[in-house]
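Below: my_file18.pdb (PDB, C-alpha atoms and all ligand atoms)
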MODEL        1
ATOM      1  CA  ASP N 262       4.997  -4.456  47.846  1.00  0.00           C
ATOM      2  CA  ILE N 263       1.965  -3.163  46.019  1.00  0.00           C
ATOM      3  CA  ILE N 264      -0.944  -2.283  48.307  1.00  0.00           C
ATOM      4  CA  ILE N 265      -4.427  -2.793  46.895  1.00  0.00           C
ATOM      5  CA  GLY N 266      -7.294  -1.339  48.901  1.00  0.00           C
ATOM      6  CA  ILE N 267     -10.868  -2.570  48.903  1.00  0.00           C
ATOM      7  CA  LEU N 268     -13.383   0.108  49.783  1.00  0.00           C
ATOM      8  CA  ALA N 269     -15.090  -1.590  52.725  1.00  0.00           C
ATOM      9  CA  LEU N 270     -18.046   0.653  53.572  1.00  0.00           C
ATOM     10  CA  GLN N 271     -20.830  -1.628  52.307  1.00  0.00           C
ATOM     11  CA  GLY N 272     -21.318  -4.478  49.846  1.00  0.00           C
ATOM     12  CA  ALA N 273     -19.195  -7.378  48.602  1.00  0.00           C
ATOM     13  CA  PHE N 274     -15.782  -6.213  49.820  1.00  0.00           C
ATOM     14  CA  ALA N 275     -14.813  -9.384  51.717  1.00  0.00           C
ATOM     15  CA  GLU N 276     -15.269 -11.463  48.562  1.00  0.00           C
ATOM     16  CA  HIS N 277     -12.903  -9.205  46.594  1.00  0.00           C
ATOM     17  CA  GLN N 278     -10.344  -9.459  49.345  1.00  0.00           C
ATOM     18  CA  ALA N 279     -10.534 -13.265  49.324  1.00  0.00           C
ATOM     19  CA  MET N 280     -10.066 -13.373  45.538  1.00  0.00           C
ATOM     20  CA  LEU N 281      -7.018 -11.112  45.711  1.00  0.00           C
ATOM     21  CA  GLN N 282      -5.480 -13.034  48.582  1.00  0.00           C
ATOM     22  CA  HIS N 283      -5.757 -16.072  46.373  1.00  0.00           C
ATOM     23  CA  ILE N 284      -3.541 -14.542  43.704  1.00  0.00           C
ATOM     24  CA  SER N 285      -1.390 -12.412  46.004  1.00  0.00           C
ATOM     25  CA  ARG N 286       0.876 -15.364  46.826  1.00  0.00           C
ATOM     26  CA  LYS N 287       2.227 -15.175  43.308  1.00  0.00           C
ATOM     27  CA  GLY N 288       3.231 -11.556  43.487  1.00  0.00           C
ATOM     28  CA  HIS N 289       4.021  -9.028  46.182  1.00  0.00           C
ATOM     29  CA  LEU N 290       0.577  -7.770  46.986  1.00  0.00           C
ATOM     30  CA  GLU N 291      -0.816  -6.534  50.232  1.00  0.00           C
ATOM     31  CA  VAL N 292      -4.600  -6.222  50.398  1.00  0.00           C
ATOM     32  CA  ILE N 293      -6.233  -3.881  52.912  1.00  0.00           C
ATOM     33  CA  GLN N 294      -9.785  -2.777  53.699  1.00  0.00           C
ATOM     34  CA  VAL N 295     -10.338   0.956  53.348  1.00  0.00           C
ATOM     35  CA  ARG N 296     -12.717   2.872  55.606  1.00  0.00           C
ATOM     36  CA  THR N 297     -10.759   6.047  56.313  1.00  0.00           C
ATOM     37  CA  PRO N 298      -8.744   8.646  54.378  1.00  0.00           C
ATOM     38  CA  GLU N 299      -5.591   7.404  56.189  1.00  0.00           C
ATOM     39  CA  GLU N 300      -6.126   3.871  54.915  1.00  0.00           C
ATOM     40  CA  LEU N 301      -6.779   5.160  51.407  1.00  0.00           C
ATOM     41  CA  LYS N 302      -3.503   7.072  51.479  1.00  0.00           C
ATOM     42  CA  ARG N 303      -1.550   3.822  51.854  1.00  0.00           C
ATOM     43  CA  CYS N 304      -3.012   2.309  48.676  1.00  0.00           C
ATOM     44  CA  ASP N 305      -1.505   2.047  45.203  1.00  0.00           C
ATOM     45  CA  ALA N 306      -4.838   0.977  43.711  1.00  0.00           C
ATOM     46  CA  LEU N 307      -8.440   0.484  44.812  1.00  0.00           C
ATOM     47  CA  ILE N 308     -11.421  -1.780  44.189  1.00  0.00           C
ATOM     48  CA  ILE N 309     -14.915  -0.404  44.733  1.00  0.00           C
ATOM     49  CA  PRO N 310     -17.264  -3.356  45.282  1.00  0.00           C
ATOM     50  CA  GLY N 311     -20.859  -4.021  44.360  1.00  0.00           C
ATOM     51  CA  GLY N 312     -23.562  -3.165  46.835  1.00  0.00           C
ATOM     52  CA  GLU N 313     -25.749  -0.077  46.689  1.00  0.00           C
ATOM     53  CA  SER N 314     -24.060   2.874  45.017  1.00  0.00           C
ATOM     54  CA  SER N 315     -26.037   5.562  46.858  1.00  0.00           C
ATOM     55  CA  THR N 316     -25.350   3.917  50.247  1.00  0.00           C
ATOM     56  CA  ILE N 317     -21.629   3.592  49.507  1.00  0.00           C
ATOM     57  CA  ALA N 318     -21.553   7.250  48.453  1.00  0.00           C
ATOM     58  CA  LEU N 319     -23.371   8.348  51.591  1.00  0.00           C
ATOM     59  CA  LEU N 320     -21.049   6.365  53.862  1.00  0.00           C
ATOM     60  CA  ALA N 321     -18.031   7.713  51.957  1.00  0.00           C
ATOM     61  CA  ARG N 322     -19.331  11.255  52.525  1.00  0.00           C
ATOM     62  CA  LEU N 323     -19.810  10.561  56.249  1.00  0.00           C
ATOM     63  CA  SER N 324     -16.302   9.056  56.479  1.00  0.00           C
ATOM     64  CA  GLY N 325     -14.689  12.078  54.846  1.00  0.00           C
ATOM     65  CA  LEU N 326     -13.711   9.903  51.894  1.00  0.00           C
ATOM     66  CA  ILE N 327     -15.518  11.509  48.954  1.00  0.00           C
ATOM     67  CA  GLU N 328     -12.914  14.158  48.105  1.00  0.00           C
ATOM     68  CA  PRO N 329      -9.910  11.877  48.822  1.00  0.00           C
ATOM     69  CA  LEU N 330     -11.501   9.237  46.579  1.00  0.00           C
ATOM     70  CA  ARG N 331     -12.029  11.765  43.773  1.00  0.00           C
ATOM     71  CA  GLU N 332      -8.355  12.723  44.001  1.00  0.00           C
ATOM     72  CA  PHE N 333      -7.301   9.063  44.148  1.00  0.00           C
ATOM     73  CA  VAL N 334      -9.176   8.271  40.934  1.00  0.00           C
ATOM     74  CA  LYS N 335      -7.252  11.019  39.129  1.00  0.00           C
ATOM     75  CA  THR N 336      -3.863   9.365  39.602  1.00  0.00           C
ATOM     76  CA  LYS N 337      -4.274   5.692  40.544  1.00  0.00           C
ATOM     77  CA  ALA N 338      -5.816   2.504  39.187  1.00  0.00           C
ATOM     78  CA  VAL N 339      -9.396   1.849  40.285  1.00  0.00           C
ATOM     79  CA  TRP N 340     -11.750  -1.038  39.486  1.00  0.00           C
ATOM     80  CA  GLY N 341     -15.481  -0.639  40.062  1.00  0.00           C
ATOM     81  CA  THR N 342     -17.781  -3.673  40.048  1.00  0.00           C
ATOM     82  CA  CYS N 343     -21.538  -3.114  39.684  1.00  0.00           C
ATOM     83  CA  ALA N 344     -22.340  -0.367  42.253  1.00  0.00           C
ATOM     84  CA  GLY N 345     -18.622   0.498  42.061  1.00  0.00           C
ATOM     85  CA  ALA N 346     -18.964   0.923  38.304  1.00  0.00           C
ATOM     86  CA  ILE N 347     -21.802   3.410  38.900  1.00  0.00           C
ATOM     87  CA  LEU N 348     -19.613   5.373  41.334  1.00  0.00           C
ATOM     88  CA  LEU N 349     -16.794   5.586  38.773  1.00  0.00           C
ATOM     89  CA  SER N 350     -19.028   6.712  35.948  1.00  0.00           C
ATOM     90  CA  GLN N 351     -19.170  10.338  34.942  1.00  0.00           C
ATOM     91  CA  ALA N 352     -22.965  10.463  35.084  1.00  0.00           C
ATOM     92  CA  VAL N 353     -25.892   8.311  36.143  1.00  0.00           C
ATOM     93  CA  SER N 354     -29.118   8.763  34.184  1.00  0.00           C
ATOM     94  CA  ASN N 355     -31.461   7.754  37.005  1.00  0.00           C
ATOM     95  CA  PRO N 356     -29.870   8.742  40.324  1.00  0.00           C
ATOM     96  CA  LYS N 357     -31.575   7.773  43.549  1.00  0.00           C
ATOM     97  CA  LYS N 358     -34.360  10.157  44.529  1.00  0.00           C
ATOM     98  CA  GLY N 359     -32.795  13.091  46.347  1.00  0.00           C
ATOM     99  CA  GLY N 360     -29.579  12.670  44.396  1.00  0.00           C
ATOM    100  CA  GLN N 361     -26.450  10.601  44.780  1.00  0.00           C
ATOM    101  CA  GLU N 362     -22.799  11.560  44.610  1.00  0.00           C
ATOM    102  CA  LEU N 363     -20.413  10.005  42.099  1.00  0.00           C
ATOM    103  CA  LEU N 364     -16.623   9.898  41.974  1.00  0.00           C
ATOM    104  CA  GLY N 365     -16.337  10.025  38.188  1.00  0.00           C
ATOM    105  CA  GLY N 366     -13.139   9.102  36.415  1.00  0.00           C
ATOM    106  CA  VAL N 367     -14.529   6.971  33.603  1.00  0.00           C
ATOM    107  CA  SER N 368     -16.184   8.598  30.596  1.00  0.00           C
ATOM    108  CA  VAL N 369     -19.495   6.757  30.581  1.00  0.00           C
ATOM    109  CA  THR N 370     -23.100   7.243  31.584  1.00  0.00           C
ATOM    110  CA  THR N 371     -24.700   4.382  33.495  1.00  0.00           C
ATOM    111  CA  THR N 372     -28.325   3.562  34.248  1.00  0.00           C
ATOM    112  CA  ARG N 373     -28.963   1.906  37.591  1.00  0.00           C
ATOM    113  CA  ASN N 374     -30.869  -1.386  37.562  1.00  0.00           C
ATOM    114  CA  GLY N 375     -30.838  -0.949  33.804  1.00  0.00           C
ATOM    115  CA  TRP N 376     -31.663  -4.500  32.803  1.00  0.00           C
ATOM    116  CA  GLY N 377     -35.175  -4.089  34.172  1.00  0.00           C
ATOM    117  CA  SER N 378     -36.727  -5.030  37.477  1.00  0.00           C
ATOM    118  CA  GLN N 379     -38.372  -8.136  36.062  1.00  0.00           C
ATOM    119  CA  VAL N 380     -34.943  -9.587  35.376  1.00  0.00           C
ATOM    120  CA  GLU N 381     -33.030  -8.261  38.329  1.00  0.00           C
ATOM    121  CA  SER N 382     -30.443 -10.998  38.275  1.00  0.00           C
ATOM    122  CA  PHE N 383     -29.013 -13.314  35.637  1.00  0.00           C
ATOM    123  CA  GLU N 384     -25.850 -15.053  34.575  1.00  0.00           C
ATOM    124  CA  ALA N 385     -24.187 -14.945  31.184  1.00  0.00           C
ATOM    125  CA  PRO N 386     -21.050 -16.625  29.844  1.00  0.00           C
ATOM    126  CA  LEU N 387     -18.880 -13.777  28.607  1.00  0.00           C
ATOM    127  CA  GLU N 388     -16.060 -13.543  26.131  1.00  0.00           C
ATOM    128  CA  VAL N 389     -13.524 -11.109  27.546  1.00  0.00           C
ATOM    129  CA  ARG N 390     -10.703  -9.672  25.504  1.00  0.00           C
ATOM    130  CA  GLY N 391      -7.281  -9.827  27.179  1.00  0.00           C
ATOM    131  CA  LEU N 392      -8.183 -12.269  29.945  1.00  0.00           C
ATOM    132  CA  ARG N 393      -5.930 -15.293  30.521  1.00  0.00           C
ATOM    133  CA  ASP N 394      -7.352 -18.309  28.624  1.00  0.00           C
ATOM    134  CA  ALA N 395      -9.613 -15.878  26.807  1.00  0.00           C
ATOM    135  CA  ASP N 396     -11.310 -18.700  24.896  1.00  0.00           C
ATOM    136  CA  VAL N 397     -12.770 -19.982  28.189  1.00  0.00           C
ATOM    137  CA  PRO N 398     -15.925 -17.943  28.906  1.00  0.00           C
ATOM    138  CA  PHE N 399     -16.061 -15.934  32.126  1.00  0.00           C
ATOM    139  CA  MET N 400     -19.325 -16.366  34.027  1.00  0.00           C
ATOM    140  CA  GLY N 401     -20.851 -12.932  34.453  1.00  0.00           C
ATOM    141  CA  ILE N 402     -23.124 -12.650  37.500  1.00  0.00           C
ATOM    142  CA  PHE N 403     -25.473  -9.687  37.116  1.00  0.00           C
ATOM    143  CA  ILE N 404     -27.378  -8.581  40.228  1.00  0.00           C
ATOM    144  CA  ARG N 405     -29.609  -5.545  39.679  1.00  0.00           C
ATOM    145  CA  ALA N 406     -26.782  -4.547  37.414  1.00  0.00           C
ATOM    146  CA  PRO N 407     -26.348  -1.159  35.807  1.00  0.00           C
ATOM    147  CA  VAL N 408     -26.320  -0.739  32.043  1.00  0.00           C
ATOM    148  CA  ILE N 409     -23.579   1.349  30.457  1.00  0.00           C
ATOM    149  CA  THR N 410     -25.880   3.479  28.344  1.00  0.00           C
ATOM    150  CA  GLU N 411     -23.360   5.864  26.786  1.00  0.00           C
ATOM    151  CA  LEU N 412     -19.644   6.006  26.054  1.00  0.00           C
ATOM    152  CA  LEU N 413     -18.885   9.727  26.276  1.00  0.00           C
ATOM    153  CA  PRO N 414     -16.421  11.600  24.091  1.00  0.00           C
ATOM    154  CA  ALA N 415     -13.264  12.337  26.118  1.00  0.00           C
ATOM    155  CA  PRO N 416     -10.559  13.799  23.897  1.00  0.00           C
ATOM    156  CA  HIS N 417      -8.204  14.426  26.826  1.00  0.00           C
ATOM    157  CA  GLU N 418      -8.593  11.016  28.458  1.00  0.00           C
ATOM    158  CA  PRO N 419      -7.187   7.630  27.436  1.00  0.00           C
ATOM    159  CA  PRO N 420      -9.421   5.830  24.923  1.00  0.00           C
ATOM    160  CA  ILE N 421     -12.141   3.492  26.167  1.00  0.00           C
ATOM    161  CA  GLU N 422     -11.453  -0.139  25.349  1.00  0.00           C
ATOM    162  CA  VAL N 423     -14.557  -2.329  25.419  1.00  0.00           C
ATOM    163  CA  ILE N 424     -13.463  -5.772  26.592  1.00  0.00           C
ATOM    164  CA  SER N 425     -16.809  -7.566  26.927  1.00  0.00           C
ATOM    165  CA  ARG N 426     -20.427  -7.375  25.791  1.00  0.00           C
ATOM    166  CA  ILE N 427     -23.578  -9.332  26.599  1.00  0.00           C
ATOM    167  CA  PRO N 428     -23.680 -12.207  24.091  1.00  0.00           C
ATOM    168  CA  ASP N 429     -26.136 -11.782  21.216  1.00  0.00           C
ATOM    169  CA  SER N 430     -27.827 -15.052  22.152  1.00  0.00           C
ATOM    170  CA  LEU N 431     -29.064 -13.456  25.380  1.00  0.00           C
ATOM    171  CA  LEU N 432     -30.334 -10.255  23.895  1.00  0.00           C
ATOM    172  CA  PRO N 433     -33.761 -11.422  22.818  1.00  0.00           C
ATOM    173  CA  HIS N 434     -34.418 -12.031  26.527  1.00  0.00           C
ATOM    174  CA  ARG N 435     -32.792  -8.890  27.907  1.00  0.00           C
ATOM    175  CA  THR N 436     -33.734  -5.374  27.056  1.00  0.00           C
ATOM    176  CA  THR N 437     -31.597  -2.338  27.691  1.00  0.00           C
ATOM    177  CA  PRO N 438     -33.308   0.844  28.887  1.00  0.00           C
ATOM    178  CA  ASP N 439     -33.692   2.299  25.419  1.00  0.00           C
ATOM    179  CA  GLY N 440     -33.894  -1.052  23.659  1.00  0.00           C
ATOM    180  CA  ASP N 441     -30.653   0.123  22.076  1.00  0.00           C
ATOM    181  CA  PRO N 442     -28.516  -2.743  20.763  1.00  0.00           C
ATOM    182  CA  THR N 443     -25.300  -0.803  21.386  1.00  0.00           C
ATOM    183  CA  GLN N 444     -25.938  -0.701  25.145  1.00  0.00           C
ATOM    184  CA  THR N 445     -24.477  -4.157  25.673  1.00  0.00           C
ATOM    185  CA  VAL N 446     -21.049  -3.242  27.046  1.00  0.00           C
ATOM    186  CA  VAL N 447     -20.507  -5.015  30.362  1.00  0.00           C
ATOM    187  CA  ALA N 448     -16.742  -4.571  30.864  1.00  0.00           C
ATOM    188  CA  LEU N 449     -14.407  -1.834  29.736  1.00  0.00           C
ATOM    189  CA  ARG N 450     -11.111  -0.193  30.458  1.00  0.00           C
ATOM    190  CA  GLN N 451     -10.141   3.418  30.241  1.00  0.00           C
ATOM    191  CA  GLY N 452      -6.429   3.745  30.872  1.00  0.00           C
ATOM    192  CA  ARG N 453      -5.760   2.387  34.365  1.00  0.00           C
ATOM    193  CA  HIS N 454      -9.444   2.129  35.281  1.00  0.00           C
ATOM    194  CA  LEU N 455     -11.610  -0.965  34.916  1.00  0.00           C
ATOM    195  CA  LEU N 456     -15.411  -1.192  34.980  1.00  0.00           C
ATOM    196  CA  THR N 457     -17.477  -4.354  35.197  1.00  0.00           C
ATOM    197  CA  THR N 458     -21.241  -4.214  35.601  1.00  0.00           C
ATOM    198  CA  PHE N 459     -21.211  -7.780  37.004  1.00  0.00           C
ATOM    199  CA  HIS N 460     -19.547  -9.469  40.005  1.00  0.00           C
ATOM    200  CA  PRO N 461     -16.299 -11.373  39.260  1.00  0.00           C
ATOM    201  CA  GLU N 462     -15.687 -11.696  43.014  1.00  0.00           C
ATOM    202  CA  LEU N 463     -18.698 -14.015  43.342  1.00  0.00           C
ATOM    203  CA  THR N 464     -17.253 -16.628  40.994  1.00  0.00           C
ATOM    204  CA  GLY N 465     -14.398 -19.016  41.769  1.00  0.00           C
ATOM    205  CA  ASP N 466     -12.590 -17.582  38.761  1.00  0.00           C
ATOM    206  CA  ASN N 467      -9.860 -15.088  39.591  1.00  0.00           C
ATOM    207  CA  ARG N 468      -8.879 -14.147  36.039  1.00  0.00           C
ATOM    208  CA  PHE N 469     -10.440 -10.677  36.332  1.00  0.00           C
ATOM    209  CA  HIS N 470      -8.527  -9.984  39.524  1.00  0.00           C
ATOM    210  CA  GLU N 471      -5.326 -11.073  37.789  1.00  0.00           C
ATOM    211  CA  TYR N 472      -6.203  -8.842  34.852  1.00  0.00           C
ATOM    212  CA  PHE N 473      -6.728  -5.819  37.082  1.00  0.00           C
ATOM    213  CA  VAL N 474      -3.457  -6.368  38.943  1.00  0.00           C
ATOM    214  CA  GLN N 475      -1.395  -6.940  35.819  1.00  0.00           C
ATOM    215  CA  GLU N 476      -2.991  -4.712  33.198  1.00  0.00           C
ATOM    216  CA  CYS N 477      -4.189  -1.801  35.319  1.00  0.00           C
ATOM    217  CA  VAL N 478      -2.221  -1.704  38.586  1.00  0.00           C
ATOM    218  CA  VAL N 479       1.252  -2.937  37.638  1.00  0.00           C
ATOM    219  CA  ALA N 480       1.052  -1.125  34.289  1.00  0.00           C
ATOM    220  CA  SER N 481       0.096   2.154  36.017  1.00  0.00           C
ATOM    221  CA  LEU N 482       3.051   1.880  38.433  1.00  0.00           C
ATOM    222  CA  ALA N 483       5.649   1.079  35.774  1.00  0.00           C
ATOM    223  CA  PRO N 484       8.125   3.919  35.339  1.00  0.00           C
TER
HETATM  224  N1  LIG X   1     -28.427  -1.495  41.856  1.00  0.00           N
HETATM  225  C1  LIG X   1     -27.270  -1.228  42.647  1.00  0.00           C
HETATM  226  C2  LIG X   1     -26.957   0.262  42.660  1.00  0.00           C
HETATM  227  O1  LIG X   1     -27.693   1.043  42.117  1.00  0.00           O
HETATM  228  C3  LIG X   1     -26.066  -2.020  42.178  1.00  0.00           C
HETATM  229  C4  LIG X   1     -26.276  -3.482  42.436  1.00  0.00           C
HETATM  230  C5  LIG X   1     -25.026  -4.246  42.692  1.00  0.00           C
HETATM  231  O2  LIG X   1     -23.955  -3.677  42.987  1.00  0.00           O
HETATM  232  N2  LIG X   1     -25.128  -5.543  42.638  1.00  0.00           N
HETATM  233  O3  LIG X   1     -25.978   0.664  43.226  1.00  0.00           O
ENDMDL
END
Once you've parsed the file, please lay out its structure as structure tokens.
Ligand code: GLN
Amino acid sequence: DIIIGILALQGAFAEHQAMLQHISRKGHLEVIQVRTPEELKRCDALIIPGGESSTIALLARLSGLIEPLREFVKTKAVWGTCAGAILLSQAVSNPKKGGQELLGGVSVTTTRNGWGSQVESFEAPLEVRGLRDADVPFMGIFIRAPVITELLPAPHEPPIEVISRIPDSLLPHRTTPDGDPTQTVVALRQGRHLLTTFHPELTGDNRFHEYFVQECVVASLAP
């Protein structure tokens, strides 16, 4: 069996677990909540949920999980949603006052709450490359979502594959931090890692969870 962990320190971890349990009947998946280094050690892959990135980082530090998580990211598949995407990014342009720790692993810079406080939350139908029934839009739920402000050069890492952007039709109503039209990436892959700035676990649509299991987890375990 493949064991997928959900980092369960704070945020929307129960929702991720429910989505995975929904698809796990088809395969041989075990899904566990991770709060300790021992639990992390059992996992073949990990999901870091949305919530508050600085709180998750602080709780991970207090649980002795920061260094084990950094090591985990170096060899195993990890998916970060929203706050989780911030934790997986290499840099954050506006860290919480007093600083916040990151895990890194994905060659991007993110900006927290980057879509502006006046539009903290919105939904957008997304086209996502590689998803099952890719012609059916995936409803992106953005809650104080980060913006991926920069894709960083990473000659020694797998290439970044952008799999979804905010649709053009929404852009007149949404402004990125720099008003930069290239800052519209909302989902990407880099090797076995997946980043989404929105919350697929809050929809009834489990295609993203299937995608992570098949394209990132199973692919990373193949000999
Ligand atoms: N704004 C949050 C952060 O900075 C992320 C919000 C979310 O995960 N929905 O971590």
(Q) When you count only C-alpha atoms, which of these residues is closest to Gly341 of chain N: N:Arg303, N:Arg468, N:Arg450, N:Arg405? (A) N:Arg450
Q | Shortest interatomic distance to ligand LIG 1 (chain X) - which of N:Leu326, N:Ala483, N:Leu349, N:Ile404, counting all atoms listed in the file | A |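 Selected residue with least distance to ligand LIG 1 (chain X): N:Ile404.
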Q. For ligand LIG 1 (chain X), which of N:Leu301, N:Ala406, N:Leu363, N:Val353 is the closest residue, counting all atoms listed in the file?
A. N:Ala406
Q: Fewer than 4 positions away in the same chain doesn't count, so skip those; otherwise give me all residues within 12 Å of segment 380-390 of chain N, counting only C-alpha atoms, as number ranges by chain.
A: N: 343, 373-376, 394-408, 422-432, 434-437, 445-450, 457-461, 463-464, 468-469, 472, 476
So for segment 443-462 of chain N, what box centre and size do we get, axis-aligned, 4 Å extra on each of the six sides, every listed atom, Å to one decimal, as AutoDock Vina command-line options?
--center_x -15.8 --center_y -4.0 --center_z 32.2 --size_x 28.2 --size_y 23.4 --size_z 29.6
(Q) Could you check the closest approach to Ala352 of chain N for each of N:Ile308, N:Ile409, N:Ala480, N:Leu290 and tell me which residue wins, using only C-alpha atoms? (A)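 Looking only at the distances to Ala352 of chain N, the closest residue turns out to be N:Ile409.
Proximity ranking of N:Thr336, N:Thr370, N:Thr342, N:Ser354 relative to Phe473 of chain N places N:Thr342 first, based on all atoms listed in the file.
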Q) Taking all atoms listed in the file into account, which of N:Lys358, N:Arg393, N:Leu268, N:Ile347 comes nearest ligand LIG 1 (chain X)? A) N:Ile347
Could you add whatever atoms are missing so that segment 370-384 of chain N carries N, CA and C atoms, then write the result as a CSV table (one decimal), in the frame of the given file?
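And here is the file that came out, out-v8.csv:
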chain,number,residue,atom,x,y,z
N,370,THR,N,-21.9,7.1,30.8
N,370,THR,CA,-23.1,7.2,31.6
N,370,THR,C,-23.6,5.9,31.9
N,371,THR,N,-24.1,5.7,33.1
N,371,THR,CA,-24.7,4.4,33.5
N,371,THR,C,-26.2,4.6,33.9
N,372,THR,N,-26.9,3.5,33.8
N,372,THR,CA,-28.3,3.6,34.2
N,372,THR,C,-28.5,2.5,35.3
N,373,ARG,N,-28.8,2.9,36.5
N,373,ARG,CA,-29.0,1.9,37.6
N,373,ARG,C,-30.1,0.9,37.3
N,374,ASN,N,-29.9,-0.3,37.7
N,374,ASN,CA,-30.9,-1.4,37.6
N,374,ASN,C,-31.4,-1.4,36.1
N,375,GLY,N,-30.4,-1.2,35.2
N,375,GLY,CA,-30.8,-0.9,33.8
N,375,GLY,C,-31.4,-2.1,33.0
N,376,TRP,N,-31.2,-3.3,33.6
N,376,TRP,CA,-31.7,-4.5,32.8
N,376,TRP,C,-33.1,-4.8,33.1
N,377,GLY,N,-33.7,-3.9,33.9
N,377,GLY,CA,-35.2,-4.1,34.2
N,377,GLY,C,-35.4,-4.8,35.5
N,378,SER,N,-36.5,-4.4,36.2
N,378,SER,CA,-36.7,-5.0,37.5
N,378,SER,C,-37.2,-6.5,37.3
N,379,GLN,N,-37.8,-6.8,36.2
N,379,GLN,CA,-38.4,-8.1,36.1
N,379,GLN,C,-37.3,-9.2,35.9
N,380,VAL,N,-36.1,-8.7,35.5
N,380,VAL,CA,-34.9,-9.6,35.4
N,380,VAL,C,-33.8,-9.0,36.2
N,381,GLU,N,-34.0,-8.9,37.5
N,381,GLU,CA,-33.0,-8.3,38.3
N,381,GLU,C,-31.7,-9.0,38.3
N,382,SER,N,-31.7,-10.3,38.2
N,382,SER,CA,-30.4,-11.0,38.3
N,382,SER,C,-30.4,-12.1,37.2
N,383,PHE,N,-29.2,-12.2,36.6
N,383,PHE,CA,-29.0,-13.3,35.6
N,383,PHE,C,-27.5,-13.6,35.5
N,384,GLU,N,-27.2,-14.7,34.8
N,384,GLU,CA,-25.8,-15.1,34.6
N,384,GLU,C,-25.7,-15.2,33.1
